[in-house]
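**Q** Please read through the structure below; I'll follow up with questions.
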Amino acid sequence: MTIHIGAQKGEIAETVLMPGDPYRAKWAAETFLQDAKLVNDVRGMLGFTGTWKGNPVTIQGSGMGMPSLSIYANELIRDYGAKTLIRIGSCGGMQDNIKIRDVILAMTATTLSTPSRGILKELNYAPCADWSLLQAAAQAAAAKGTPTHVGVIYSSDVFYDERPDLNEQMVRHGILGVEMEAAELYILAARHKCRALAVLTVSDHLLTGEALPSSERESSFGDMVEIALKAAFPNVE
Ligand code: HPA
């Protein structure tokens, strides 16, 4: 047990999928894993461990924002030995060619700041996805026929952003979408020699104001979970 995760040692798999929403962790575990067992409910941040095609997988909620994700990712890595961490989450689209329901694979994540800022200080570190995961996810998405974009995203500290000027520069500089967790996950993975990737479904669009109806959220998010699992286990049929 750790401060924020109630699982016993050995109850967390080396491969962890991390949605922001604990109820999405429950849905994904019940939908995609065999023999999924609840391993954490501290603070309602649900985590489940089961198997996918015979391979152990944990799906653990991260909460919203980098400070919350940082708590769970640190404990998963340092106390439970997680090695592959894949964020599965939603993001806001930021380019004309990106549509609601498309998938974005974050090659890198721009930020204004992360919880690691205290260590990195003035360094403008470029948080970077693990290449083997990114490549396998791109292949899995292509095989599924899911419209997918690979490139730079923005990990924000605010959902209700009041910097339209900054958004304008981000759109101009090719930022594909905005979410609130990936950059810190990539930095922690680099620090602890783990692999990380963020697989994101576009749930709303900053340019058009369009949003995915809540009734469609689960089915659209299914593609993303499958892509993440196939990226983690590329040689499994
Ligand atoms: N902003 C930040 N995070 C998000 C958004 C957004 O518009 N959509 C989904 N996650």
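Ordering of the structure tokens sets the chain letters (A, B, ...); residue numbers start at 1 within each chain; ligands are numbered from 1 in the order shown.
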Once you count only C-alpha atoms and all ligand atoms, which residues end up within 6 Å of ligand 1, and could you hand them over as a list of chain:residue names?

**A** A:Ser90, A:Cys91, A:Gly92, A:Phe159, A:Val178, A:Glu179, A:Met180, A:Ser203, A:Asp204

**Q** Please write the residues from the selection above to a file, keeping N, CA, C and O atoms, as a PDB file, in the first residue's frame.

**A**
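Saved to again14.pdb:
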```pdb
ATOM      1  N   SER A  90      -9.175  12.179 -22.902  1.00  0.00           N
ATOM      2  CA  SER A  90      -9.800  13.022 -23.912  1.00  0.00           C
ATOM      3  C   SER A  90      -8.965  14.284 -24.094  1.00  0.00           C
ATOM      4  O   SER A  90      -8.137  14.623 -23.242  1.00  0.00           O
ATOM      5  N   CYS A  91      -9.181  14.938 -25.216  1.00  0.00           N
ATOM      6  CA  CYS A  91      -8.497  16.212 -25.432  1.00  0.00           C
ATOM      7  C   CYS A  91      -9.371  17.106 -26.297  1.00  0.00           C
ATOM      8  O   CYS A  91     -10.325  16.642 -26.932  1.00  0.00           O
ATOM      9  N   GLY A  92      -9.041  18.372 -26.291  1.00  0.00           N
ATOM     10  CA  GLY A  92      -9.715  19.339 -27.161  1.00  0.00           C
ATOM     11  C   GLY A  92      -8.905  19.505 -28.434  1.00  0.00           C
ATOM     12  O   GLY A  92      -7.696  19.729 -28.364  1.00  0.00           O
ATOM     13  N   PHE A 159      -8.380  24.142 -17.314  1.00  0.00           N
ATOM     14  CA  PHE A 159      -9.410  23.760 -18.292  1.00  0.00           C
ATOM     15  C   PHE A 159     -10.077  25.029 -18.827  1.00  0.00           C
ATOM     16  O   PHE A 159     -10.294  25.163 -20.019  1.00  0.00           O
ATOM     17  N   VAL A 178      -5.361  19.867 -26.805  1.00  0.00           N
ATOM     18  CA  VAL A 178      -5.025  20.250 -25.430  1.00  0.00           C
ATOM     19  C   VAL A 178      -5.636  19.257 -24.440  1.00  0.00           C
ATOM     20  O   VAL A 178      -6.787  18.848 -24.591  1.00  0.00           O
ATOM     21  N   GLU A 179      -4.819  18.869 -23.463  1.00  0.00           N
ATOM     22  CA  GLU A 179      -5.309  18.052 -22.346  1.00  0.00           C
ATOM     23  C   GLU A 179      -4.539  18.515 -21.117  1.00  0.00           C
ATOM     24  O   GLU A 179      -3.958  19.592 -21.156  1.00  0.00           O
ATOM     25  N   MET A 180      -4.489  17.717 -20.063  1.00  0.00           N
ATOM     26  CA  MET A 180      -3.929  18.276 -18.828  1.00  0.00           C
ATOM     27  C   MET A 180      -2.966  17.350 -18.068  1.00  0.00           C
ATOM     28  O   MET A 180      -2.698  17.587 -16.894  1.00  0.00           O
ATOM     29  N   SER A 203     -12.544  14.979 -27.796  1.00  0.00           N
ATOM     30  CA  SER A 203     -13.906  15.006 -27.251  1.00  0.00           C
ATOM     31  C   SER A 203     -14.590  16.347 -27.503  1.00  0.00           C
ATOM     32  O   SER A 203     -15.796  16.470 -27.389  1.00  0.00           O
ATOM     33  N   ASP A 204     -13.800  17.361 -27.792  1.00  0.00           N
ATOM     34  CA  ASP A 204     -14.374  18.678 -28.083  1.00  0.00           C
ATOM     35  C   ASP A 204     -13.378  19.430 -28.967  1.00  0.00           C
ATOM     36  O   ASP A 204     -12.244  18.978 -29.139  1.00  0.00           O
TER      37      ASP A 204
END
```

**Q** Please provide as a list of chain:residue names all residues within 6 Å of segment 181-194 of chain A, with the sequence filter that same-chain residues fewer than 5 positions apart are discarded (counting only C-alpha atoms).

**A**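 That gives A:Gly65, A:Met66, A:Lys83, A:Thr84, A:Ala109, A:Thr114, A:Pro127, A:Cys128, A:Ser155.
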
**Q** Create the file for the chosen residues now, containing C-alpha atoms and written as a PDB file, in the first residue's frame.

**A**
```
ATOM      1  CA  GLY A  65      -4.316  17.627 -14.062  1.00  0.00           C
ATOM      2  CA  MET A  66      -0.583  17.030 -13.713  1.00  0.00           C
ATOM      3  CA  LYS A  83       7.240   0.009 -16.425  1.00  0.00           C
ATOM      4  CA  THR A  84       4.847   0.969 -19.224  1.00  0.00           C
ATOM      5  CA  ALA A 109       3.745  17.684 -24.999  1.00  0.00           C
ATOM      6  CA  THR A 114       4.712  20.884 -14.748  1.00  0.00           C
ATOM      7  CA  PRO A 127       8.693  15.719 -22.808  1.00  0.00           C
ATOM      8  CA  CYS A 128       8.747  12.900 -25.311  1.00  0.00           C
ATOM      9  CA  SER A 155      -0.636  19.856 -21.459  1.00  0.00           C
TER      10      SER A 155
END
```

**Q** Among segment 39-221 of chain A, which ones does DSSP place in strand (DSSP E or B), written as a ChimeraX atom specification?

**A** /A:39-40,47-52,55-60,84-93,103-110,128,148-155,177-179,195-205,211

**Q** Would you mind reading off the distance between atom CA of Ile86 of chain A and atom CA of Met18 of chain A, one decimal, in Å?

**A** 6.0 Å

**Q** Can you work out which one of A:Asn235, A:Gly20, A:Ala142, A:Glu162 has the shortest atom-to-atom distance to Ser68 of chain A, counting only C-alpha atoms?

**A** A:Gly20

**Q** Between atom CA of Pro164 of chain A and atom CA of Ile100 of chain A, what distance in Å does the model show, to one decimal?

**A** 20.9 Å

**Q** Which residue is closest to Thr31 of chain A? Choose from A:Val171, A:Ile59, A:Met94, A:Leu197 and count only C-alpha atoms.

**A**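 Closest to Thr31 of chain A of all the choices is A:Ile59.
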
**Q** I'd like the neighbourhood of segment 223-234 of chain A as an NGL selection string, where a residue qualifies if any of its atoms comes within 9 Å (using only C-alpha atoms), though same-chain residues fewer than 5 positions away should be ignored.

**A** :A and (15 or 17 or 28 or 32 or 52 or 55 or 57 or 84-89 or 103 or 132-141 or 144 or 146 or 197-201)

**Q** DSSP on the backbone, then: every residue of segment 3-228 of chain A marked alpha helix (DSSP H), written as a VMD selection string.

**A** chain A and resid 22 to 32 66 to 78 117 to 120 131 to 144 164 to 172 182 to 191 217 to 228

**Q** Could you tell me which of A:Arg78, A:Arg195, A:Arg163, A:Arg217 comes closest to Trp131 of chain A if we count only C-alpha atoms?

**A** A:Arg195

**Q** Would you mind telling me which residue in A:Glu30, A:Asp102, A:Glu14, A:Asp41 lies nearest to Gly145 of chain A when using only C-alpha atoms?

**A**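 Closest to Gly145 of chain A of all the choices is A:Asp102.
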
**Q** Using only C-alpha atoms, which residues sit within 9 Å of Lys9 of chain A once same-chain residues fewer than 4 positions away are excluded, as a short mmCIF file (atom, residue, chain, number, x, y, z; two decimals) with all heavy atoms, in the first residue's frame?

**A**
```cif
data_model
loop_
_atom_site.label_atom_id
_atom_site.label_comp_id
_atom_site.auth_asym_id
_atom_site.auth_seq_id
_atom_site.Cartn_x
_atom_site.Cartn_y
_atom_site.Cartn_z
N MET A 1 0.83 -1.22 0.00
CA MET A 1 0.00 0.00 0.00
C MET A 1 0.86 1.26 0.00
O MET A 1 1.92 1.29 0.60
CB MET A 1 -0.87 0.02 1.26
CG MET A 1 -2.11 -0.84 1.11
SD MET A 1 -3.05 -1.03 2.63
CE MET A 1 -3.32 0.64 3.15
N ASP A 79 6.78 2.48 -6.23
CA ASP A 79 6.40 1.51 -5.19
C ASP A 79 5.89 0.19 -5.77
O ASP A 79 5.96 -0.84 -5.11
CB ASP A 79 5.33 2.12 -4.28
CG ASP A 79 5.86 3.35 -3.57
OD1 ASP A 79 6.75 3.20 -2.73
OD2 ASP A 79 5.40 4.46 -3.89
N TYR A 80 5.34 0.24 -6.98
CA TYR A 80 4.74 -0.99 -7.53
C TYR A 80 5.50 -1.52 -8.75
O TYR A 80 5.13 -2.55 -9.30
CB TYR A 80 3.28 -0.75 -7.92
CG TYR A 80 2.38 -0.53 -6.72
CD1 TYR A 80 2.01 0.75 -6.34
CD2 TYR A 80 1.89 -1.61 -5.97
CE1 TYR A 80 1.17 0.96 -5.24
CE2 TYR A 80 1.06 -1.41 -4.88
CZ TYR A 80 0.70 -0.13 -4.52
OH TYR A 80 -0.13 0.07 -3.44
#
```

**Q** Distance atom CA of Tyr72 of chain A-atom CA of Leu212 of chain A, one decimal place?

**A**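 Interatomic distance here is 27.6 Å.
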
**Q** Using only C-alpha atoms, find the one residue out of A:Thr111, A:Ser215, A:Ser116, A:Asn40 that sits nearest to Ser70 of chain A.

**A**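 Ranked by minimum distance to Ser70 of chain A, first place goes to A:Ser116.
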
**Q** With only C-alpha atoms as the basis for distance, which of A:Gly209, A:Gly63, A:Gly81, A:Gly6 is at the shortest distance from Phe48 of chain A?

**A** A:Gly6

**Q** When you look at segment 35-39 of chain A with a cut-off of 8 Å (counting only C-alpha atoms), what residues show up, excluding the ones that are within fewer than 4 positions of it in the same chain? I need them as a ChimeraX atom specification.

**A** /A:6-8,11-12,29-30,46-51
